[in-house]
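J.: Here it is, the structure in full.
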Amino acid sequence: TMRSVFKVILAYLAMTLPCHAELAIDAAAAHRLREGGVLLEVTGDDSGEADGRIQAVIDIPAPPHAVFATMTDCKRALKFVAQLTLCRVLETASDGRSDVREHHSRWLAILPEMISVFRSDYTPDREIRFRGVGGDLKFLEGKWLLQPMQNGQTTRLFYDARVGAGLPIPGFIIRAALEADVPELLKALRMEVVRGAGN
């Protein structure tokens, strides 16, 4: 299905992340986050590089170090990223502050696996910045911001990314699918973080 295509795109995005919280969080939005909701805005991209920009926010009832550890663990990514069949680290900086990773995803048996290669730069427990350096995606760039809440017991996770799928599909269709699928991806990440924290 068309939606499966975009779950593959999300698989590429899951281990990379953006970091300026531009979504306004008023009292109603804050209440929605506390109740387990996801704030989301998907817009077009005027640069011509990407099909769209995704901004999202979710609260996770775990400290930032637990969220960061989950997001940077290839083995755990396979548990919460739909259609992801392989995650491997190709290069790691000597100080551990950056690496290059490769993701493989499959959405239809009749098509070959889609591959994404991206570099991530880390500020441990605070921020992940990422950009595509190879693979099938036309464009990928973004960041995650991990904001401690409730004396560090909860994390407010901000996501900001621009993605170009490189597929012969109109951008508005891609954006509509992202609006449906990004919240599910973030909820799956939250569930995996909470599951790991309980062990």
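Naming works like this for the structure tokens: A, B, ... for the chains as they're shown, residue 1 at the start of each chain, ligands 1 onward in shown order.
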Could you give me the residues within region 19-161 of chain A that DSSP places in alpha helix (DSSP H), as a VMD selection string?

T.: chain A and resid 27 to 34 64 to 71 74 to 80

J.: Those selected residues, please, written with N, CA, C and O atoms and delivered as a PDB file, in the first residue's frame.

T.:
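Output saved as out-v2.pdb:
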```
ATOM      1  N   ALA A  27      -1.160  26.144  26.639  1.00  0.00           N
ATOM      2  CA  ALA A  27      -1.704  25.333  27.732  1.00  0.00           C
ATOM      3  C   ALA A  27      -2.455  24.114  27.215  1.00  0.00           C
ATOM      4  O   ALA A  27      -2.325  23.009  27.762  1.00  0.00           O
ATOM      5  N   ALA A  28      -3.214  24.297  26.131  1.00  0.00           N
ATOM      6  CA  ALA A  28      -3.978  23.171  25.579  1.00  0.00           C
ATOM      7  C   ALA A  28      -3.042  22.122  25.004  1.00  0.00           C
ATOM      8  O   ALA A  28      -3.257  20.907  25.175  1.00  0.00           O
ATOM      9  N   ALA A  29      -1.985  22.561  24.311  1.00  0.00           N
ATOM     10  CA  ALA A  29      -1.035  21.620  23.735  1.00  0.00           C
ATOM     11  C   ALA A  29      -0.276  20.872  24.825  1.00  0.00           C
ATOM     12  O   ALA A  29      -0.039  19.661  24.720  1.00  0.00           O
ATOM     13  N   ALA A  30       0.100  21.592  25.881  1.00  0.00           N
ATOM     14  CA  ALA A  30       0.803  20.948  26.988  1.00  0.00           C
ATOM     15  C   ALA A  30      -0.074  19.888  27.645  1.00  0.00           C
ATOM     16  O   ALA A  30       0.399  18.803  28.007  1.00  0.00           O
ATOM     17  N   HIS A  31      -1.358  20.186  27.789  1.00  0.00           N
ATOM     18  CA  HIS A  31      -2.287  19.202  28.358  1.00  0.00           C
ATOM     19  C   HIS A  31      -2.379  17.970  27.459  1.00  0.00           C
ATOM     20  O   HIS A  31      -2.372  16.827  27.946  1.00  0.00           O
ATOM     21  N   ARG A  32      -2.444  18.197  26.157  1.00  0.00           N
ATOM     22  CA  ARG A  32      -2.513  17.077  25.211  1.00  0.00           C
ATOM     23  C   ARG A  32      -1.277  16.195  25.320  1.00  0.00           C
ATOM     24  O   ARG A  32      -1.380  14.958  25.290  1.00  0.00           O
ATOM     25  N   LEU A  33      -0.107  16.808  25.475  1.00  0.00           N
ATOM     26  CA  LEU A  33       1.117  16.029  25.621  1.00  0.00           C
ATOM     27  C   LEU A  33       1.093  15.224  26.916  1.00  0.00           C
ATOM     28  O   LEU A  33       1.474  14.043  26.928  1.00  0.00           O
ATOM     29  N   ARG A  34       0.659  15.839  27.992  1.00  0.00           N
ATOM     30  CA  ARG A  34       0.596  15.128  29.279  1.00  0.00           C
ATOM     31  C   ARG A  34      -0.360  13.947  29.228  1.00  0.00           C
ATOM     32  O   ARG A  34      -0.178  12.957  29.940  1.00  0.00           O
ATOM     33  N   PRO A  64      15.882  11.599  30.032  1.00  0.00           N
ATOM     34  CA  PRO A  64      16.516  11.733  28.720  1.00  0.00           C
ATOM     35  C   PRO A  64      17.549  10.660  28.397  1.00  0.00           C
ATOM     36  O   PRO A  64      17.648  10.224  27.248  1.00  0.00           O
ATOM     37  N   HIS A  65      18.313  10.215  29.388  1.00  0.00           N
ATOM     38  CA  HIS A  65      19.342   9.216  29.077  1.00  0.00           C
ATOM     39  C   HIS A  65      18.717   7.911  28.591  1.00  0.00           C
ATOM     40  O   HIS A  65      19.289   7.214  27.738  1.00  0.00           O
ATOM     41  N   ALA A  66      17.526   7.560  29.099  1.00  0.00           N
ATOM     42  CA  ALA A  66      16.857   6.341  28.655  1.00  0.00           C
ATOM     43  C   ALA A  66      16.321   6.497  27.239  1.00  0.00           C
ATOM     44  O   ALA A  66      16.376   5.560  26.426  1.00  0.00           O
ATOM     45  N   VAL A  67      15.803   7.684  26.934  1.00  0.00           N
ATOM     46  CA  VAL A  67      15.304   7.945  25.582  1.00  0.00           C
ATOM     47  C   VAL A  67      16.453   7.951  24.591  1.00  0.00           C
ATOM     48  O   VAL A  67      16.390   7.321  23.525  1.00  0.00           O
ATOM     49  N   PHE A  68      17.533   8.628  24.938  1.00  0.00           N
ATOM     50  CA  PHE A  68      18.710   8.708  24.069  1.00  0.00           C
ATOM     51  C   PHE A  68      19.276   7.319  23.802  1.00  0.00           C
ATOM     52  O   PHE A  68      19.625   6.981  22.664  1.00  0.00           O
ATOM     53  N   ALA A  69      19.381   6.510  24.837  1.00  0.00           N
ATOM     54  CA  ALA A  69      19.930   5.158  24.682  1.00  0.00           C
ATOM     55  C   ALA A  69      19.085   4.318  23.734  1.00  0.00           C
ATOM     56  O   ALA A  69      19.619   3.561  22.915  1.00  0.00           O
ATOM     57  N   THR A  70      17.775   4.449  23.822  1.00  0.00           N
ATOM     58  CA  THR A  70      16.895   3.699  22.930  1.00  0.00           C
ATOM     59  C   THR A  70      17.045   4.166  21.493  1.00  0.00           C
ATOM     60  O   THR A  70      17.151   3.356  20.563  1.00  0.00           O
ATOM     61  N   MET A  71      17.078   5.458  21.291  1.00  0.00           N
ATOM     62  CA  MET A  71      17.136   6.009  19.953  1.00  0.00           C
ATOM     63  C   MET A  71      18.441   5.690  19.228  1.00  0.00           C
ATOM     64  O   MET A  71      18.473   5.651  18.003  1.00  0.00           O
ATOM     65  N   CYS A  74      20.839   0.284  17.628  1.00  0.00           N
ATOM     66  CA  CYS A  74      20.371  -0.332  16.383  1.00  0.00           C
ATOM     67  C   CYS A  74      19.452  -1.525  16.641  1.00  0.00           C
ATOM     68  O   CYS A  74      18.447  -1.706  15.959  1.00  0.00           O
ATOM     69  N   LYS A  75      19.796  -2.364  17.595  1.00  0.00           N
ATOM     70  CA  LYS A  75      18.987  -3.555  17.857  1.00  0.00           C
ATOM     71  C   LYS A  75      17.583  -3.172  18.296  1.00  0.00           C
ATOM     72  O   LYS A  75      16.593  -3.794  17.879  1.00  0.00           O
ATOM     73  N   ARG A  76      17.463  -2.145  19.119  1.00  0.00           N
ATOM     74  CA  ARG A  76      16.146  -1.742  19.587  1.00  0.00           C
ATOM     75  C   ARG A  76      15.354  -1.029  18.491  1.00  0.00           C
ATOM     76  O   ARG A  76      14.126  -1.061  18.494  1.00  0.00           O
ATOM     77  N   ALA A  77      16.053  -0.393  17.555  1.00  0.00           N
ATOM     78  CA  ALA A  77      15.351   0.260  16.445  1.00  0.00           C
ATOM     79  C   ALA A  77      14.514  -0.741  15.666  1.00  0.00           C
ATOM     80  O   ALA A  77      13.419  -0.425  15.187  1.00  0.00           O
ATOM     81  N   LEU A  78      14.996  -1.956  15.547  1.00  0.00           N
ATOM     82  CA  LEU A  78      14.257  -2.991  14.821  1.00  0.00           C
ATOM     83  C   LEU A  78      12.936  -3.328  15.499  1.00  0.00           C
ATOM     84  O   LEU A  78      12.033  -3.877  14.866  1.00  0.00           O
ATOM     85  N   LYS A  79      12.798  -2.985  16.777  1.00  0.00           N
ATOM     86  CA  LYS A  79      11.575  -3.292  17.510  1.00  0.00           C
ATOM     87  C   LYS A  79      10.485  -2.244  17.326  1.00  0.00           C
ATOM     88  O   LYS A  79       9.311  -2.551  17.490  1.00  0.00           O
ATOM     89  N   PHE A  80      10.878  -1.009  17.008  1.00  0.00           N
ATOM     90  CA  PHE A  80       9.848   0.031  16.938  1.00  0.00           C
ATOM     91  C   PHE A  80       9.761   0.757  15.604  1.00  0.00           C
ATOM     92  O   PHE A  80       8.877   1.584  15.415  1.00  0.00           O
TER      93      PHE A  80
END
```

J.: Would you mind listing what lies within 6 Å of region 111-123 of chain A as a list of chain:residue names, with only C-alpha atoms counted and same-chain residues fewer than 6 positions away left out?

T.: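 Answer for this query is A:Arg97, A:Ser98, A:Asp99, A:Val100, A:Arg101, A:Glu102, A:His103, A:His104, A:Ser105, A:Arg129, A:Phe130, A:Arg131, A:Gly132, A:Val133, A:Gly134, A:Gly135, A:Asp136.
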
J.: Just want the 7 Å neighbourhood of Ala161 (chain A), counted on only C-alpha atoms, with same-chain residues fewer than 2 positions away dropped. Output as a list in words.

T.: Leu17, Pro18, Arg53, Ile54, Gln55, Glu141, Gly142, Lys143, Tyr159 and Val163 of chain A

J.: For Ala24 (chain A), find every residue with an atom within 12 Å (counting only C-alpha atoms), except residues of its own chain fewer than 6 positions away, and show them as a list of chain:residue names.

T.: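 Here the qualifying residues turn out to be A:Ala30, A:Leu39, A:Leu40, A:Glu41, A:Gln55, A:Ala56, A:Val57, A:Phe158.
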
J.: What is the distance, in Å and to one decimal place, between CA of Gly44 (chain A) and CA of Val81 (chain A)?

T.: 24.0 Å

J.: From the list A:Val182, A:Leu90, A:Pro148, A:Val193, which residue is nearest Val38 (chain A) when using only C-alpha atoms?

T.: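 The closest residue to Val38 (chain A) is A:Val182.
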